[in-house]
Amino acid sequence: MKRTTESDSNYTSLEKMSVRQLLTNINKEDQTVPFAIEKVIPKIEKFVTVIVKQMQAGGRLFYMGAGTSGRLGIVDASECPPTYGVPQGMVIGIIAGGDKAIRKAVEFAEDDTEQGWKDLKAHKINSKDVVIGIAASGSTPYVIGALEACNKNNITTGCIVCNKGSNVAKTAKHKIEAVVGPEFVTGSTRMKSGTAQKLVLNMISTSVMIKLGRVKGNKMVDMQLSNNKLVDRGTNMVMNELNIPYKKANELLLKYGSVRKAVESQKKK
């Protein structure tokens, strides 16, 4: 079966294009990505609802992938604790080849059908958890093997792929197929496919965290105060919420460690 992600680019003679032409045409292709995702919002909605239910029952969210797909999962997972104040290990990104593959490709790691499940078992995976396989092509053996094992062990599975009818999608119980069409450079799925995967991951994790009560109004009230910029942002949130001077808000924030706790401490009085 001819995969859309491997189809010839809509452009040719790229080396003869000016820099402006290259940038304009890449941008033109990038603009099609959100529309591809818009078509699968009902599938994302259904899956997010399931994830929220599982996590409310104490489950964790796992992302699994190889190469760019694996790295995108790790990026999204790593941002959840500082952004939403959730514990480390509540959202986990796993990449074929292990952590060293984050920076440098590990040859043939994605072709191992057994390793994905071994990697999940190292985290004591259980039936409360949710596993999302991320694969632009939808054919990554590492991901397929992990999802198959999850299905056998009554673990909720989903996927984010960029081809229709792929083996990953056939294996996952909840499939999100964001078909973005041929890449600007033929087969370079770190481009439109990677962008689509990143956007869908943003949608999933953000929606889940909001539904888990980690946002109030439109503010990250549980964010970690890990640098001066975030301390300043948190101070302004407290200041505006309680209608108090900056200095007082800053003192409360540093005393209680989060915007939520600082605000609640005063509202209880």
# chains A, B, ... in the order shown; residues from 1 in each chain; ligands from 1
>>> residues_around(residues="Phe47 in chain A", least_positions_apart="2", cutoff="9 Å", atoms="only C-alpha atoms", output="ChimeraX atom specification")
/A:42-45,49-52,158,174-176,204
>>> residues_around(residues="Ser188 in chain A", least_positions_apart="6", cutoff="12 Å", atoms="only C-alpha atoms", output="list in words")
Thr4, Thr5, Glu6, Ser7, Asp8, Ser9, Gly67, Thr68, Ala136, Ser137, Gly181, Pro182, Gly194 and Thr195 of chain A
>>> residues_around(residues="Lys173 in chain A", least_positions_apart="2", cutoff="9 Å", atoms="only C-alpha atoms", output="ChimeraX atom specification")
/A:151,156-159,169-171,175
>>> atom_distance(atom1="CA of Asn153 in chain A", atom2="CA of Val131 in chain A")
11.8 Å
>>> closest_residue(among="A:Val75, A:Leu212, A:Val200, A:Val106", to="Gln56 in chain A", atoms="only C-alpha atoms")
A:Leu212
>>> residues_around(residues="Met237 in chain A", least_positions_apart="6", cutoff="12 Å", atoms="only C-alpha atoms", output="PyMOL selection string")
chain A and resi 216-223+230-231+243-246+249-250+252-253+258-263
>>> select_by_dssp(residues="range 19-206 of chain A", states="strand (DSSP E or B)", output="ChimeraX atom specification")
/A:61-65,91-95,130-135,156-161,174-177
>>> residues_around(residues="Glu79 in chain A", least_positions_apart="6", cutoff="12 Å", atoms="only C-alpha atoms", output="NGL selection string")
:A and (72-73 or 85-93 or 201-202 or 205-206 or 209 or 223-224)
>>> write_last_selection(atoms="C-alpha atoms", output="PDB file, in the first residue's frame")
ATOM      1  CA  LEU A  72       7.761  14.804  20.340  1.00  0.00           C
ATOM      2  CA  GLY A  73       6.151  12.562  22.942  1.00  0.00           C
ATOM      3  CA  GLY A  85       2.260  20.948  38.708  1.00  0.00           C
ATOM      4  CA  VAL A  86       1.480  17.250  38.240  1.00  0.00           C
ATOM      5  CA  PRO A  87       3.908  14.677  39.657  1.00  0.00           C
ATOM      6  CA  GLN A  88       6.823  13.400  37.592  1.00  0.00           C
ATOM      7  CA  GLY A  89       5.753  10.080  36.112  1.00  0.00           C
ATOM      8  CA  MET A  90       2.107  10.984  35.561  1.00  0.00           C
ATOM      9  CA  VAL A  91       2.794  11.589  31.853  1.00  0.00           C
ATOM     10  CA  ILE A  92       5.702   9.556  30.463  1.00  0.00           C
ATOM     11  CA  GLY A  93       7.427   9.689  27.080  1.00  0.00           C
ATOM     12  CA  LEU A 201      -0.270  16.154  21.518  1.00  0.00           C
ATOM     13  CA  ASN A 202      -0.818  19.769  22.607  1.00  0.00           C
ATOM     14  CA  SER A 205      -2.411  16.995  27.137  1.00  0.00           C
ATOM     15  CA  THR A 206      -3.859  20.503  27.503  1.00  0.00           C
ATOM     16  CA  MET A 209      -4.970  18.767  32.329  1.00  0.00           C
ATOM     17  CA  MET A 223       2.792  25.709  37.571  1.00  0.00           C
ATOM     18  CA  GLN A 224       6.210  25.126  39.117  1.00  0.00           C
TER      19      GLN A 224
END
>>> closest_residue(among="A:Ala122, A:Leu147, A:Ile94, A:Val208", to="Lys46 in chain A", atoms="only C-alpha atoms")
A:Val208
>>> closest_residue(among="A:His123, A:Ser78, A:Gly234, A:Leu199", to="Glu38 in chain A", atoms="only C-alpha atoms")
A:Leu199
>>> select_by_dssp(residues="range 94-239 of chain A", states="alpha helix (DSSP H)", output="VMD selection string")
chain A and resid 115 to 121 141 to 152 167 to 171 192 to 211 228 to 239
>>> closest_atom_pairs(of="range 106-218 of chain A", to="range 25-28 of chain A", cutoff="12 Å", atoms="only C-alpha atoms", output="CSV")
residue,atom,partner,partner_atom,distance
A:Pro182,CA,A:Ile26,CA,11.7
A:Glu183,CA,A:Ile26,CA,9.0
A:Phe184,CA,A:Ile26,CA,6.3
A:Val185,CA,A:Ile26,CA,9.2
A:Met191,CA,A:Ile26,CA,8.9
A:Lys192,CA,A:Ile26,CA,9.1
A:Thr195,CA,A:Asn27,CA,11.8
>>> atom_distance(atom1="CA of Ala77 in chain A", atom2="CA of Ile132 in chain A")
11.7 Å
>>> decode(residues="range 105-138 of chain A", atoms="N, CA and C atoms", output="tab-separated table (two decimals), in the first residue's frame")
chain	number	residue	atom	x	y	z
A	105	ALA	N	20.18	9.18	16.65
A	105	ALA	CA	19.43	8.02	16.17
A	105	ALA	C	20.12	6.72	16.57
A	106	VAL	N	19.33	5.77	17.05
A	106	VAL	CA	19.84	4.43	17.38
A	106	VAL	C	19.39	3.49	16.29
A	107	GLU	N	20.34	2.93	15.57
A	107	GLU	CA	20.03	2.12	14.39
A	107	GLU	C	19.15	0.92	14.72
A	108	PHE	N	18.11	0.76	13.94
A	108	PHE	CA	17.19	-0.39	13.99
A	108	PHE	C	16.40	-0.53	15.29
A	109	ALA	N	16.49	0.45	16.18
A	109	ALA	CA	15.75	0.37	17.45
A	109	ALA	C	14.24	0.28	17.20
A	110	GLU	N	13.78	0.97	16.15
A	110	GLU	CA	12.33	1.00	15.90
A	110	GLU	C	11.82	-0.31	15.31
A	111	ASP	N	12.75	-1.20	14.90
A	111	ASP	CA	12.34	-2.45	14.27
A	111	ASP	C	12.12	-3.60	15.25
A	112	ASP	N	12.38	-3.35	16.53
A	112	ASP	CA	12.25	-4.38	17.56
A	112	ASP	C	10.81	-4.44	18.06
A	113	THR	N	10.11	-5.54	17.78
A	113	THR	CA	8.70	-5.65	18.14
A	113	THR	C	8.48	-6.00	19.61
A	114	GLU	N	9.53	-6.43	20.30
A	114	GLU	CA	9.39	-6.85	21.70
A	114	GLU	C	9.77	-5.74	22.70
A	115	GLN	N	10.68	-4.83	22.28
A	115	GLN	CA	11.27	-3.89	23.23
A	115	GLN	C	10.26	-2.90	23.80
A	116	GLY	N	9.29	-2.50	23.02
A	116	GLY	CA	8.30	-1.53	23.49
A	116	GLY	C	7.58	-2.01	24.73
A	117	TRP	N	7.15	-3.26	24.72
A	117	TRP	CA	6.45	-3.82	25.88
A	117	TRP	C	7.40	-3.95	27.07
A	118	LYS	N	8.65	-4.32	26.79
A	118	LYS	CA	9.65	-4.39	27.88
A	118	LYS	C	9.83	-3.01	28.52
A	119	ASP	N	9.87	-1.98	27.67
A	119	ASP	CA	10.04	-0.61	28.20
A	119	ASP	C	8.85	-0.20	29.05
A	120	LEU	N	7.66	-0.61	28.66
A	120	LEU	CA	6.47	-0.29	29.44
A	120	LEU	C	6.45	-1.06	30.77
A	121	LYS	N	6.86	-2.32	30.72
A	121	LYS	CA	6.88	-3.13	31.95
A	121	LYS	C	7.87	-2.57	32.97
A	122	ALA	N	8.91	-1.91	32.48
A	122	ALA	CA	9.88	-1.28	33.39
A	122	ALA	C	9.22	-0.19	34.22
A	123	HIS	N	8.10	0.33	33.72
A	123	HIS	CA	7.34	1.37	34.45
A	123	HIS	C	6.14	0.76	35.19
A	124	LYS	N	6.13	-0.56	35.28
A	124	LYS	CA	5.02	-1.26	35.97
A	124	LYS	C	3.66	-0.86	35.39
A	125	ILE	N	3.57	-0.92	34.07
A	125	ILE	CA	2.35	-0.59	33.36
A	125	ILE	C	1.18	-1.42	33.90
A	126	ASN	N	-0.01	-0.81	33.98
A	126	ASN	CA	-1.18	-1.56	34.47
A	126	ASN	C	-2.44	-1.10	33.75
A	127	SER	N	-3.55	-1.74	34.07
A	127	SER	CA	-4.79	-1.53	33.31
A	127	SER	C	-5.43	-0.16	33.54
A	128	LYS	N	-4.94	0.62	34.50
A	128	LYS	CA	-5.44	1.98	34.68
A	128	LYS	C	-4.80	2.95	33.69
A	129	ASP	N	-3.66	2.56	33.14
A	129	ASP	CA	-2.86	3.45	32.29
A	129	ASP	C	-3.40	3.53	30.87
A	130	VAL	N	-2.93	4.55	30.14
A	130	VAL	CA	-3.26	4.74	28.72
A	130	VAL	C	-1.95	4.86	27.95
A	131	VAL	N	-1.86	4.17	26.83
A	131	VAL	CA	-0.65	4.21	25.99
A	131	VAL	C	-1.01	4.73	24.61
A	132	ILE	N	-0.31	5.78	24.20
A	132	ILE	CA	-0.51	6.35	22.86
A	132	ILE	C	0.72	6.07	22.00
A	133	GLY	N	0.52	5.37	20.92
A	133	GLY	CA	1.61	5.13	19.96
A	133	GLY	C	1.65	6.26	18.96
A	134	ILE	N	2.85	6.83	18.78
A	134	ILE	CA	3.01	7.96	17.85
A	134	ILE	C	3.91	7.49	16.70
A	135	ALA	N	3.39	7.55	15.49
A	135	ALA	CA	4.17	7.07	14.33
A	135	ALA	C	3.62	7.72	13.07
A	136	ALA	N	4.41	8.56	12.44
A	136	ALA	CA	3.94	9.25	11.23
A	136	ALA	C	3.50	8.24	10.17
A	137	SER	N	4.34	7.25	9.92
A	137	SER	CA	4.03	6.25	8.90
A	137	SER	C	2.92	5.31	9.34
A	138	GLY	N	2.84	5.07	10.65
A	138	GLY	CA	1.87	4.10	11.16
A	138	GLY	C	2.35	2.68	11.00
